[in-house]
Amino acid sequence: MVSSFSSSAAATPAKIRVILVDDHNRFRVALRQMLETDAEIEVVGEASDGPEAMQLVDQTTPDIVCMDIRLLIFDGVEATRRLHQSHPEVKVIGISGQAEQSFINAMFDAGAVAYVSKANVSNDLLPTIHRMR
């Protein structure tokens with residue numbers, strides 16, 4: 001006997017798994033709240049420094065890490081460099097209030113795939129994350 005299964009509903013695509021890394025808790029909370037309004041995004045963790053970010057990536061296997069450039073312990077550039085070496089499949093989006101081109105270039109040189117200014121994060125982060133899919 002042969003049986004078939006059909007469903008009228010299309011398969012739901014997997015959510016985009018995101019980690020937020022910033023040393024300012026209020027900013028992380030605001031980012032999380034903004035991202036959680038998008039049904040296609042799941043925030044799987046938050047970190048306040050580079051070592052925490054590395055540990056979270058190992059534990060949660062995110063698709064994207066939103067990484068502040070200025071962090072304590074080691075900065076976002078070094079964290080991005082280490083993440084890119086150990087998890088090249090994870091995309092890093094640099095986020096910073098520092099608009100100096102040297103900071104942006106350093107993030108790209110370390111392996112970041114995009115940069116979003118904190119001044120424009122409410123308009124630019126969601127579309128940037130979706131482009132990374």
# chains A, B, ... in the order shown; residues from 1 in each chain; ligands from 1
$ select_by_dssp --residues "chain A" --states "strand (DSSP E or B)" --output "PyMOL selection string"
chain A and resi 16-21+41-47+49+64-68+72+91-96+114-117
$ write_last_selection --atoms "C-alpha atoms" --output "mmCIF file, in the first residue's frame"
data_model
loop_
_atom_site.group_PDB
_atom_site.id
_atom_site.type_symbol
_atom_site.label_atom_id
_atom_site.label_comp_id
_atom_site.auth_asym_id
_atom_site.auth_seq_id
_atom_site.Cartn_x
_atom_site.Cartn_y
_atom_site.Cartn_z
ATOM 1 C CA ILE A 16 17.435 34.226 10.806
ATOM 2 C CA ARG A 17 19.325 33.563 14.047
ATOM 3 C CA VAL A 18 21.000 36.706 15.444
ATOM 4 C CA ILE A 19 23.345 37.501 18.337
ATOM 5 C CA LEU A 20 23.629 41.081 19.605
ATOM 6 C CA VAL A 21 26.996 42.282 20.937
ATOM 7 C CA ILE A 41 14.314 36.973 12.975
ATOM 8 C CA GLU A 42 15.140 35.202 16.225
ATOM 9 C CA VAL A 43 17.550 36.807 18.695
ATOM 10 C CA VAL A 44 19.369 33.800 20.152
ATOM 11 C CA GLY A 45 21.700 35.648 22.505
ATOM 12 C CA GLU A 46 23.304 38.829 23.746
ATOM 13 C CA ALA A 47 26.871 39.568 24.779
ATOM 14 C CA ASP A 49 32.156 41.847 25.127
ATOM 15 C CA ILE A 64 24.422 36.809 11.980
ATOM 16 C CA VAL A 65 26.249 38.656 14.742
ATOM 17 C CA CYS A 66 25.507 42.364 15.150
ATOM 18 C CA MET A 67 28.812 43.562 16.605
ATOM 19 C CA ASP A 68 29.565 46.917 18.189
ATOM 20 C CA LEU A 72 35.645 46.090 26.543
ATOM 21 C CA LYS A 91 28.078 36.921 9.019
ATOM 22 C CA VAL A 92 29.093 39.911 11.120
ATOM 23 C CA ILE A 93 27.387 43.274 10.810
ATOM 24 C CA GLY A 94 29.431 46.032 12.400
ATOM 25 C CA ILE A 95 27.452 48.572 14.398
ATOM 26 C CA SER A 96 28.910 51.738 15.838
ATOM 27 C CA ALA A 114 28.157 45.100 6.444
ATOM 28 C CA TYR A 115 28.211 48.186 8.632
ATOM 29 C CA VAL A 116 25.296 50.088 10.186
ATOM 30 C CA SER A 117 25.655 53.388 11.994
#
$ closest_residue --among "A:Val29, A:Ala119, A:Ile104, A:Ala112" --to "Thr80 (chain A)" --atoms "only C-alpha atoms"
A:Ala112
$ closest_residue --among "A:Met107, A:Ala30, A:Leu83, A:Leu35" --to "Lys15 (chain A)" --atoms "only C-alpha atoms"
A:Leu35
$ select_by_dssp --residues "chain A" --states "helix (DSSP H, G or I)" --output "PyMOL selection string"
chain A and resi 25-35+50-60+76-86+101-110+118-132
$ write_last_selection --atoms "C-alpha atoms" --output "PDB file, in the first residue's frame"
ATOM      1  CA  ASN A  25      22.687  46.940  27.964  1.00  0.00           C
ATOM      2  CA  ARG A  26      20.033  49.534  27.089  1.00  0.00           C
ATOM      3  CA  PHE A  27      21.138  49.580  23.469  1.00  0.00           C
ATOM      4  CA  ARG A  28      21.037  45.754  23.300  1.00  0.00           C
ATOM      5  CA  VAL A  29      17.543  45.742  24.807  1.00  0.00           C
ATOM      6  CA  ALA A  30      16.367  48.315  22.269  1.00  0.00           C
ATOM      7  CA  LEU A  31      17.891  46.313  19.412  1.00  0.00           C
ATOM      8  CA  ARG A  32      16.306  43.104  20.655  1.00  0.00           C
ATOM      9  CA  GLN A  33      12.890  44.760  20.888  1.00  0.00           C
ATOM     10  CA  MET A  34      13.232  46.122  17.371  1.00  0.00           C
ATOM     11  CA  LEU A  35      14.369  42.806  15.896  1.00  0.00           C
ATOM     12  CA  GLY A  50      34.251  39.851  22.675  1.00  0.00           C
ATOM     13  CA  PRO A  51      34.847  36.715  24.787  1.00  0.00           C
ATOM     14  CA  GLU A  52      31.120  36.435  25.587  1.00  0.00           C
ATOM     15  CA  ALA A  53      30.346  36.810  21.884  1.00  0.00           C
ATOM     16  CA  MET A  54      32.757  33.999  20.994  1.00  0.00           C
ATOM     17  CA  GLN A  55      31.219  31.706  23.599  1.00  0.00           C
ATOM     18  CA  LEU A  56      27.678  32.472  22.411  1.00  0.00           C
ATOM     19  CA  VAL A  57      28.552  31.779  18.785  1.00  0.00           C
ATOM     20  CA  ASP A  58      29.983  28.399  19.799  1.00  0.00           C
ATOM     21  CA  GLN A  59      26.823  27.598  21.779  1.00  0.00           C
ATOM     22  CA  THR A  60      24.097  28.912  19.477  1.00  0.00           C
ATOM     23  CA  GLY A  76      34.611  44.417  17.972  1.00  0.00           C
ATOM     24  CA  VAL A  77      37.340  44.376  15.340  1.00  0.00           C
ATOM     25  CA  GLU A  78      39.306  41.696  17.194  1.00  0.00           C
ATOM     26  CA  ALA A  79      36.118  39.768  18.029  1.00  0.00           C
ATOM     27  CA  THR A  80      35.105  39.874  14.362  1.00  0.00           C
ATOM     28  CA  ARG A  81      38.555  38.682  13.287  1.00  0.00           C
ATOM     29  CA  ARG A  82      38.389  35.744  15.714  1.00  0.00           C
ATOM     30  CA  LEU A  83      34.816  34.868  14.743  1.00  0.00           C
ATOM     31  CA  HIS A  84      35.660  35.007  11.060  1.00  0.00           C
ATOM     32  CA  GLN A  85      38.580  32.616  11.620  1.00  0.00           C
ATOM     33  CA  SER A  86      36.660  30.105  13.730  1.00  0.00           C
ATOM     34  CA  GLN A 101      36.102  55.458   7.956  1.00  0.00           C
ATOM     35  CA  SER A 102      39.129  53.865   9.644  1.00  0.00           C
ATOM     36  CA  PHE A 103      36.837  52.037  12.111  1.00  0.00           C
ATOM     37  CA  ILE A 104      34.547  50.872   9.316  1.00  0.00           C
ATOM     38  CA  ASN A 105      37.499  49.714   7.206  1.00  0.00           C
ATOM     39  CA  ALA A 106      38.960  47.816  10.164  1.00  0.00           C
ATOM     40  CA  MET A 107      35.679  45.917  10.604  1.00  0.00           C
ATOM     41  CA  PHE A 108      35.570  44.975   6.921  1.00  0.00           C
ATOM     42  CA  ASP A 109      39.239  43.948   6.996  1.00  0.00           C
ATOM     43  CA  ALA A 110      38.442  41.704   9.997  1.00  0.00           C
ATOM     44  CA  LYS A 118      23.968  53.569  15.404  1.00  0.00           C
ATOM     45  CA  ALA A 119      22.462  56.858  14.250  1.00  0.00           C
ATOM     46  CA  ASN A 120      20.576  54.982  11.497  1.00  0.00           C
ATOM     47  CA  VAL A 121      20.156  51.574  13.128  1.00  0.00           C
ATOM     48  CA  SER A 122      16.352  51.837  13.385  1.00  0.00           C
ATOM     49  CA  ASN A 123      16.077  52.315   9.620  1.00  0.00           C
ATOM     50  CA  ASP A 124      18.986  50.247   8.341  1.00  0.00           C
ATOM     51  CA  LEU A 125      19.507  47.161  10.522  1.00  0.00           C
ATOM     52  CA  LEU A 126      16.464  45.083   9.573  1.00  0.00           C
ATOM     53  CA  PRO A 127      16.965  45.504   5.809  1.00  0.00           C
ATOM     54  CA  THR A 128      20.673  44.763   6.223  1.00  0.00           C
ATOM     55  CA  ILE A 129      19.945  41.547   8.121  1.00  0.00           C
ATOM     56  CA  HIS A 130      17.463  40.429   5.456  1.00  0.00           C
ATOM     57  CA  ARG A 131      19.994  41.066   2.690  1.00  0.00           C
ATOM     58  CA  MET A 132      22.407  38.709   4.461  1.00  0.00           C
TER      59      MET A 132
END
$ closest_residue --among "A:Gly111, A:Glu100, A:Ala14, A:Ser48" --to "Ile73 (chain A)" --atoms "only C-alpha atoms"
A:Ser48
$ atom_distance --atom1 "CA of Asp22 (chain A)" --atom2 "CA of Phe74 (chain A)"
11.9 Å
$ closest_residue --among "A:Asp23, A:Asp75, A:Pro88, A:Thr37" --to "Asp63 (chain A)" --atoms "only C-alpha atoms"
A:Pro88
